[in-house]
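Quick look at entry-v4.pdb (PDB, C-alpha atoms):
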ATOM      1  CA  MET A   1      -7.446   7.089  20.134
ATOM      2  CA  THR A   2      -4.136   8.753  19.336
ATOM      3  CA  VAL A   3      -3.101   7.963  15.769
ATOM      4  CA  SER A   4       0.467   7.417  14.642
ATOM      5  CA  GLN A   5       2.302   9.702  12.249
ATOM      6  CA  GLU A   6       2.099   6.953   9.661
ATOM      7  CA  THR A   7      -1.695   6.707   9.976
ATOM      8  CA  ASP A   8      -1.920  10.486   9.651
ATOM      9  CA  ASP A   9       0.232  10.304   6.500
ATOM     10  CA  ILE A  10      -2.042   7.660   4.997
ATOM     11  CA  ALA A  11      -5.134   9.754   5.749
ATOM     12  CA  ARG A  12      -3.616  12.841   4.119
ATOM     13  CA  SER A  13      -2.594  10.786   1.076
ATOM     14  CA  LEU A  14      -6.154   9.482   0.667
ATOM     15  CA  LEU A  15      -7.615  12.968   0.957
ATOM     16  CA  ALA A  16      -5.097  14.418  -1.491
ATOM     17  CA  TYR A  17      -5.844  11.602  -3.948
ATOM     18  CA  GLU A  18      -9.570  12.272  -3.691
ATOM     19  CA  ALA A  19      -9.049  16.022  -4.109
ATOM     20  CA  ALA A  20      -6.955  15.513  -7.242
ATOM     21  CA  GLY A  21      -9.634  13.318  -8.779
ATOM     22  CA  SER A  22     -12.455  15.852  -8.429
ATOM     23  CA  ASN A  23     -13.208  17.335 -11.849
ATOM     24  CA  SER A  24     -16.518  18.992 -10.994
ATOM     25  CA  GLU A  25     -18.105  20.784  -8.059
ATOM     26  CA  PRO A  26     -18.424  18.098  -5.353
ATOM     27  CA  ALA A  27     -21.510  17.878  -3.186
ATOM     28  CA  GLN A  28     -19.656  16.454  -0.180
ATOM     29  CA  SER A  29     -16.489  17.137   1.768
ATOM     30  CA  LEU A  30     -13.311  15.196   1.042
ATOM     31  CA  ALA A  31     -13.608  13.136   4.230
ATOM     32  CA  VAL A  32     -17.182  12.083   3.452
ATOM     33  CA  ARG A  33     -16.187  11.119  -0.096
ATOM     34  CA  VAL A  34     -13.260   9.004   1.127
ATOM     35  CA  CYS A  35     -15.507   7.279   3.684
ATOM     36  CA  GLU A  36     -18.083   6.610   0.999
ATOM     37  CA  LYS A  37     -15.517   4.906  -1.229
ATOM     38  CA  LEU A  38     -14.274   2.747   1.631
ATOM     39  CA  ARG A  39     -17.800   1.899   2.797
ATOM     40  CA  GLY A  40     -18.584  -0.515  -0.042
ATOM     41  CA  PRO A  41     -15.644  -2.922   0.333
ATOM     42  CA  LEU A  42     -15.728  -2.730   4.139
ATOM     43  CA  CYS A  43     -19.446  -3.549   4.223
ATOM     44  CA  ALA A  44     -18.832  -6.412   1.789
ATOM     45  CA  LEU A  45     -16.032  -7.654   4.019
ATOM     46  CA  ALA A  46     -17.770  -7.582   7.415
ATOM     47  CA  GLY A  47     -21.332  -6.304   6.964
ATOM     48  CA  VAL A  48     -23.183  -3.007   7.283
ATOM     49  CA  VAL A  49     -23.691  -3.283  11.044
ATOM     50  CA  TRP A  50     -19.948  -3.728  11.595
ATOM     51  CA  TYR A  51     -19.137  -0.787   9.329
ATOM     52  CA  ARG A  52     -21.685   1.473  11.047
ATOM     53  CA  SER A  53     -20.045   0.641  14.353
ATOM     54  CA  LEU A  54     -16.608   1.330  12.863
ATOM     55  CA  ILE A  55     -17.452   4.697  11.309
ATOM     56  CA  GLY A  56     -19.427   5.638  14.427
ATOM     57  CA  ARG A  57     -16.383   5.002  16.609
ATOM     58  CA  ALA A  58     -14.124   6.959  14.239
ATOM     59  CA  LEU A  59     -16.558   9.859  14.247
ATOM     60  CA  THR A  60     -16.792   9.845  18.049
ATOM     61  CA  LEU A  61     -13.004   9.868  18.429
ATOM     62  CA  ALA A  62     -12.582  12.650  15.860
ATOM     63  CA  ARG A  63     -15.262  14.764  17.556
ATOM     64  CA  LEU A  64     -13.201  14.734  20.730
ATOM     65  CA  GLN A  65     -10.638  16.801  18.841
ATOM     66  CA  THR A  66     -12.809  19.110  16.745
ATOM     67  CA  SER A  67     -16.289  20.605  16.727
ATOM     68  CA  SER A  68     -16.434  20.750  12.916
ATOM     69  CA  LEU A  69     -17.931  17.261  12.648
ATOM     70  CA  GLY A  70     -20.971  17.928  14.785
ATOM     71  CA  ASP A  71     -23.439  18.009  11.880
ATOM     72  CA  LEU A  72     -22.501  14.613  10.468
ATOM     73  CA  GLN A  73     -24.940  11.752  10.965
ATOM     74  CA  ILE A  74     -24.675   8.068  10.089
ATOM     75  CA  ALA A  75     -27.459   6.627   7.923
ATOM     76  CA  GLU A  76     -28.770   3.073   8.177
ATOM     77  CA  ASP A  77     -26.558   1.956   5.301
ATOM     78  CA  GLY A  78     -23.456   3.427   6.983
ATOM     79  CA  SER A  79     -23.164   6.472   4.735
ATOM     80  CA  LEU A  80     -22.416   9.865   6.252
ATOM     81  CA  GLN A  81     -24.930  12.653   5.849
ATOM     82  CA  SER A  82     -24.293  16.305   6.629
ATOM     83  CA  PHE A  83     -26.857  18.844   7.740
ATOM     84  CA  GLY A  84     -26.190  22.553   7.827
ATOM     85  CA  ASP A  85     -23.180  24.529   6.582
ATOM     86  CA  SER A  86     -20.270  23.434   8.738
ATOM     87  CA  PRO A  87     -16.571  24.267   8.207
ATOM     88  CA  LEU A  88     -16.089  20.684   7.036
ATOM     89  CA  GLN A  89     -18.820  21.005   4.448
ATOM     90  CA  SER A  90     -17.276  24.187   3.030
ATOM     91  CA  GLU A  91     -13.892  22.481   2.473
ATOM     92  CA  ARG A  92     -14.820  20.401  -0.547
ATOM     93  CA  HIS A  93     -11.697  20.821  -2.664
ATOM     94  CA  ASN A  94      -9.070  20.987   0.098
ATOM     95  CA  ALA A  95      -8.596  18.795   3.148
ATOM     96  CA  SER A  96      -9.323  20.538   6.440
ATOM     97  CA  GLU A  97      -7.961  19.338   9.767
ATOM     98  CA  ALA A  98     -11.426  17.942  10.497
ATOM     99  CA  ASP A  99     -11.175  15.837   7.319
ATOM    100  CA  VAL A 100      -7.760  14.558   8.401
ATOM    101  CA  LEU A 101      -8.933  13.771  11.934
ATOM    102  CA  LEU A 102     -11.897  11.707  10.763
ATOM    103  CA  ILE A 103     -10.000   9.720   8.127
ATOM    104  CA  SER A 104      -7.024   9.199  10.454
ATOM    105  CA  GLN A 105      -9.277   7.701  13.116
ATOM    106  CA  LEU A 106     -11.028   5.493  10.563
ATOM    107  CA  ILE A 107      -7.763   4.207   9.077
ATOM    108  CA  GLY A 108      -6.326   3.665  12.552
ATOM    109  CA  LEU A 109      -9.299   1.504  13.528
ATOM    110  CA  ILE A 110      -9.141  -0.487  10.291
ATOM    111  CA  LEU A 111      -5.424  -1.127  10.802
ATOM    112  CA  SER A 112      -5.965  -2.308  14.376
ATOM    113  CA  LEU A 113      -8.799  -4.657  13.373
ATOM    114  CA  LEU A 114      -7.692  -5.984   9.985
ATOM    115  CA  GLY A 115      -3.919  -5.578  10.054
ATOM    116  CA  SER A 116      -1.705  -3.672   7.665
ATOM    117  CA  ALA A 117      -1.635  -6.202   4.823
ATOM    118  CA  VAL A 118      -5.430  -6.378   4.428
ATOM    119  CA  THR A 119      -5.815  -2.637   5.008
ATOM    120  CA  PHE A 120      -3.314  -1.663   2.325
ATOM    121  CA  GLN A 121      -4.780  -4.171  -0.113
ATOM    122  CA  LEU A 122      -8.254  -2.760   0.492
ATOM    123  CA  VAL A 123      -7.105   0.871   0.178
ATOM    124  CA  GLN A 124      -5.180   0.215  -3.025
ATOM    125  CA  GLY A 125      -8.210  -1.532  -4.484
ATOM    126  CA  VAL A 126     -10.354   1.547  -3.854
ATOM    127  CA  PHE A 127      -7.688   4.126  -4.681
ATOM    128  CA  PRO A 128      -5.598   2.661  -7.545
ATOM    129  CA  ASN A 129      -2.134   4.129  -8.125
ATOM    130  CA  LEU A 130      -2.214   5.772  -4.724
ATOM    131  CA  THR A 131       1.236   6.698  -3.424
ATOM    132  CA  VAL A 132       1.506   6.829   0.356
ATOM    133  CA  SER A 133       4.569   8.599   1.720
ATOM    134  CA  THR A 134       5.391   7.491   5.270
ATOM    135  CA  GLU A 135       8.545   7.356   7.338
ATOM    136  CA  SER A 136       8.225   3.581   7.673
ATOM    137  CA  GLY A 137       7.186   2.826   4.110
ATOM    138  CA  ALA A 138       9.912   0.183   3.745
ATOM    139  CA  ILE A 139       8.603  -1.750   6.727
ATOM    140  CA  ARG A 140       5.047  -1.658   5.370
ATOM    141  CA  GLN A 141       6.312  -2.966   2.061
ATOM    142  CA  PHE A 142       7.426  -6.221   3.712
ATOM    143  CA  GLU A 143       5.080  -6.421   6.675
ATOM    144  CA  ASP A 144       2.728  -8.787   4.858
ATOM    145  CA  ILE A 145       5.635 -11.246   4.563
ATOM    146  CA  LEU A 146       6.366 -10.923   8.281
ATOM    147  CA  GLU A 147       2.692 -11.559   9.039
ATOM    148  CA  GLU A 148       2.920 -14.753   6.978
ATOM    149  CA  VAL A 149       6.019 -15.704   8.976
ATOM    150  CA  ALA A 150       4.040 -15.318  12.202
ATOM    151  CA  TYR A 151       1.287 -17.524  10.772
ATOM    152  CA  LEU A 152       3.755 -20.237   9.736
ATOM    153  CA  ASN A 153       5.331 -20.214  13.194
ATOM    154  CA  SER A 154       1.899 -20.643  14.760
ATOM    155  CA  VAL A 155       1.314 -23.656  12.474
ATOM    156  CA  CYS A 156       4.588 -25.125  13.730
ATOM    157  CA  ASP A 157       3.495 -24.690  17.346
ATOM    158  CA  ARG A 158       0.207 -26.476  16.646
ATOM    159  CA  LEU A 159       2.014 -29.338  14.903
ATOM    160  CA  VAL A 160       4.286 -29.784  17.917
ATOM    161  CA  LEU A 161       1.232 -30.004  20.177
ATOM    162  CA  LEU A 162      -0.366 -32.559  17.873
ATOM    163  CA  ALA A 163       2.848 -34.583  17.864
ATOM    164  CA  GLY A 164       2.654 -34.907  21.626
ATOM    165  CA  GLN A 165      -0.966 -36.053  21.402
ATOM    166  CA  HIS A 166      -0.377 -38.641  18.645
ATOM    167  CA  PRO A 167       2.755 -40.712  19.408
ATOM    168  CA  SER A 168       2.211 -42.961  16.382
ATOM    169  CA  VAL A 169       2.895 -40.061  13.988
ATOM    170  CA  GLU A 170       5.006 -37.918  16.304
ATOM    171  CA  GLU A 171       8.188 -38.249  14.255
ATOM    172  CA  ALA A 172       6.451 -37.322  11.005
ATOM    173  CA  LEU A 173       4.684 -34.328  12.540
ATOM    174  CA  MET A 174       7.904 -33.055  14.107
ATOM    175  CA  SER A 175       9.645 -33.373  10.743
ATOM    176  CA  VAL A 176       6.911 -31.364   9.003
ATOM    177  CA  SER A 177       7.010 -28.784  11.793
ATOM    178  CA  GLY A 178      10.766 -28.413  11.384
ATOM    179  CA  ASN A 179      10.473 -27.917   7.634
ATOM    180  CA  VAL A 180       7.770 -25.276   8.022
ATOM    181  CA  ARG A 181       9.830 -23.523  10.711
ATOM    182  CA  ASN A 182      12.831 -23.434   8.414
ATOM    183  CA  THR A 183      10.712 -21.928   5.636
ATOM    184  CA  ALA A 184       9.397 -19.274   8.011
ATOM    185  CA  THR A 185      12.932 -18.418   9.094
ATOM    186  CA  VAL A 186      14.119 -18.016   5.507
ATOM    187  CA  LEU A 187      11.168 -15.715   4.729
ATOM    188  CA  GLU A 188      11.804 -13.617   7.826
ATOM    189  CA  VAL A 189      15.507 -13.241   7.069
ATOM    190  CA  LEU A 190      14.689 -12.213   3.495
ATOM    191  CA  ALA A 191      12.134  -9.597   4.575
ATOM    192  CA  VAL A 192      14.225  -8.208   7.430
ATOM    193  CA  ILE A 193      17.440  -7.841   5.456
ATOM    194  CA  LYS A 194      15.688  -6.227   2.487
ATOM    195  CA  ALA A 195      13.638  -3.901   4.679
ATOM    196  CA  GLU A 196      16.738  -2.868   6.612
ATOM    197  CA  ASP A 197      18.493  -2.041   3.343
ATOM    198  CA  ASP A 198      15.575   0.236   2.440
ATOM    199  CA  ALA A 199      15.233   1.710   5.954
ATOM    200  CA  PRO A 200      18.589   1.497   7.765
ATOM    201  CA  GLN A 201      17.434   3.866  10.456
ATOM    202  CA  LYS A 202      15.003   1.326  11.904
ATOM    203  CA  LYS A 203      16.497  -0.111  15.106
ATOM    204  CA  THR A 204      14.039  -2.982  15.371
ATOM    205  CA  LEU A 205      14.968  -4.284  11.940
ATOM    206  CA  LYS A 206      18.657  -4.145  12.821
ATOM    207  CA  GLN A 207      18.011  -6.144  15.979
ATOM    208  CA  ARG A 208      16.145  -8.816  14.023
ATOM    209  CA  ARG A 209      18.958  -9.090  11.501
ATOM    210  CA  GLU A 210      21.612  -9.399  14.200
ATOM    211  CA  ARG A 211      19.624 -12.258  15.722
ATOM    212  CA  TYR A 212      20.248 -14.326  12.603
ATOM    213  CA  MET A 213      23.812 -13.187  11.999
ATOM    214  CA  ASN A 214      25.124 -14.096  15.465
TER
END

Will you turn the file into structure tokens for me?
Amino acid sequence: MTVSQETDDIARSLLAYEAAGSNSEPAQSLAVRVCEKLRGPLCALAGVVWYRSLIGRALTLARLQTSSLGDLQIAEDGSLQSFGDSPLQSERHNASEADVLLISQLIGLILSLLGSAVTFQLVQGVFPNLTVSTESGAIRQFEDILEEVAYLNSVCDRLVLLAGQHPSVEEALMSVSGNVRNTATVLEVLAVIKAEDDAPQKKTLKQRRERYMN
């Protein structure tokens, strides 16, 4: 799976954060240490079997791009174990490209499965005070609001369907649907205008704003 520049930036930020926090001689590479910190909350969220599948997929995808991960094995609890003296294992204080590849694939999979809002909340819980520098940081800042907008619009659609199935309360359901839709629209306008102010180069945000201004 090809990762985006933003996902690559997040991976490098995590690795740099982990490297800066190492005060003694580490026994594992940076990538393994980052995976180990993410393993706990991810296993708690969806179970060990799910996490083993996730890290296994990330490892497989990363191995397609480098041979430096060949000695890594996944234990029953989902932890990564290294055998031998690989290039990855020797880079314990600095992130190698193999480290970046593995963490980028893992973060990319988490984003695709859990969405950005949950992913960033999880990452910030594990790596407090982490600063992630990405080209689309302004969009990420408000993407959780836009996800809530999408949810509210889906609620409206379901209410409209229910209104058609229950004529006795159709008027009331349509009124509630309209109010929720209006709330969603206000939230979307707020997020889009603010995000565009922080990232004026984003064409998609400009298009969304123009939709409400016309």

Pick from A:Leu15, A:Leu106, A:Cys156, A:Ile74: nearest to Val48 of chain A, with all atoms listed in the file counted?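 Residue with the minimum atom-to-atom distance to Val48 of chain A: A:Ile74.
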
Just how far from atom CA of Ala11 of chain A is atom CA of Ile103 of chain A, in Å to one decimal? 5.4 Å

What does the PyMOL selection byres ((chain A and resi 98) around 7) select in this file, as a list in words?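 When the PyMOL selection byres ((chain A and resi 98) around 7) is applied to the shown file, the picked residues are Thr66, Ser68, Leu69, Leu88, Ser96, Glu97, Asp99, Val100, Leu101 and Leu102 of chain A.
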
Include C-alpha atoms and write out the residues we just selected as a PDB file, in the frame of the given file.
ATOM      1  CA  THR A  66     -12.809  19.110  16.745  1.00  0.00           C
ATOM      2  CA  SER A  68     -16.434  20.750  12.916  1.00  0.00           C
ATOM      3  CA  LEU A  69     -17.931  17.261  12.648  1.00  0.00           C
ATOM      4  CA  LEU A  88     -16.089  20.684   7.036  1.00  0.00           C
ATOM      5  CA  SER A  96      -9.323  20.538   6.440  1.00  0.00           C
ATOM      6  CA  GLU A  97      -7.961  19.338   9.767  1.00  0.00           C
ATOM      7  CA  ASP A  99     -11.175  15.837   7.319  1.00  0.00           C
ATOM      8  CA  VAL A 100      -7.760  14.558   8.401  1.00  0.00           C
ATOM      9  CA  LEU A 101      -8.933  13.771  11.934  1.00  0.00           C
ATOM     10  CA  LEU A 102     -11.897  11.707  10.763  1.00  0.00           C
TER      11      LEU A 102
END

Test item: residues at most 7 Å from Ser82 of chain A, all atoms listed in the file, excluding those fewer than 3 positions along its chain, as an MDAnalysis selection string: chainID A and resid 71:73

Counting all atoms listed in the file, the option among A:Cys35, A:Ala172, A:Ile107, A:Ala46 closest to Asp9 of chain A: A:Ile107

Neighbours of Ala75 of chain A within 12 Å (all atoms listed in the file; same-chain residues fewer than 4 positions away dropped), as a VMD selection string? chain A and resid 36 39 48 to 49 51 to 53 55 to 56 79 to 82

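For the structure in this document, the set picked by the PyMOL selection byres ((chain A and resi 7) around 10) is Thr2, Val3, Ser4, Gln5, Glu6, Asp8, Asp9, Ile10, Ala11, Arg12, Ser13, Ile103, Ser104, Gln105, Leu106, Ile107, Gly108, Leu109, Leu111 and Thr134 of chain A.
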
Using only C-alpha atoms, which residue out of A:Glu18, A:Thr60, A:Val149, A:Ala44 lies closest to Thr183 of chain A? A:Val149

Could you list, as number ranges by chain, every residue matched by the PyMOL selection byres ((chain A and resi 130) around 12) in this structure? A: 10-18, 20-21, 120-129, 131-133

What does the structure give for the distance between atom CA of Gly78 of chain A and atom CA of Ala19 of chain A, in Å to one decimal? 22.1 Å

Check the smallest atom-to-atom distance from each of A:Glu76, A:His166, A:Leu54, A:Val186 to Ser112 of chain A using all atoms listed in the file, then report the winner.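 Going through A:Glu76, A:His166, A:Leu54, A:Val186 one by one, the smallest distance to Ser112 of chain A is for A:Leu54.
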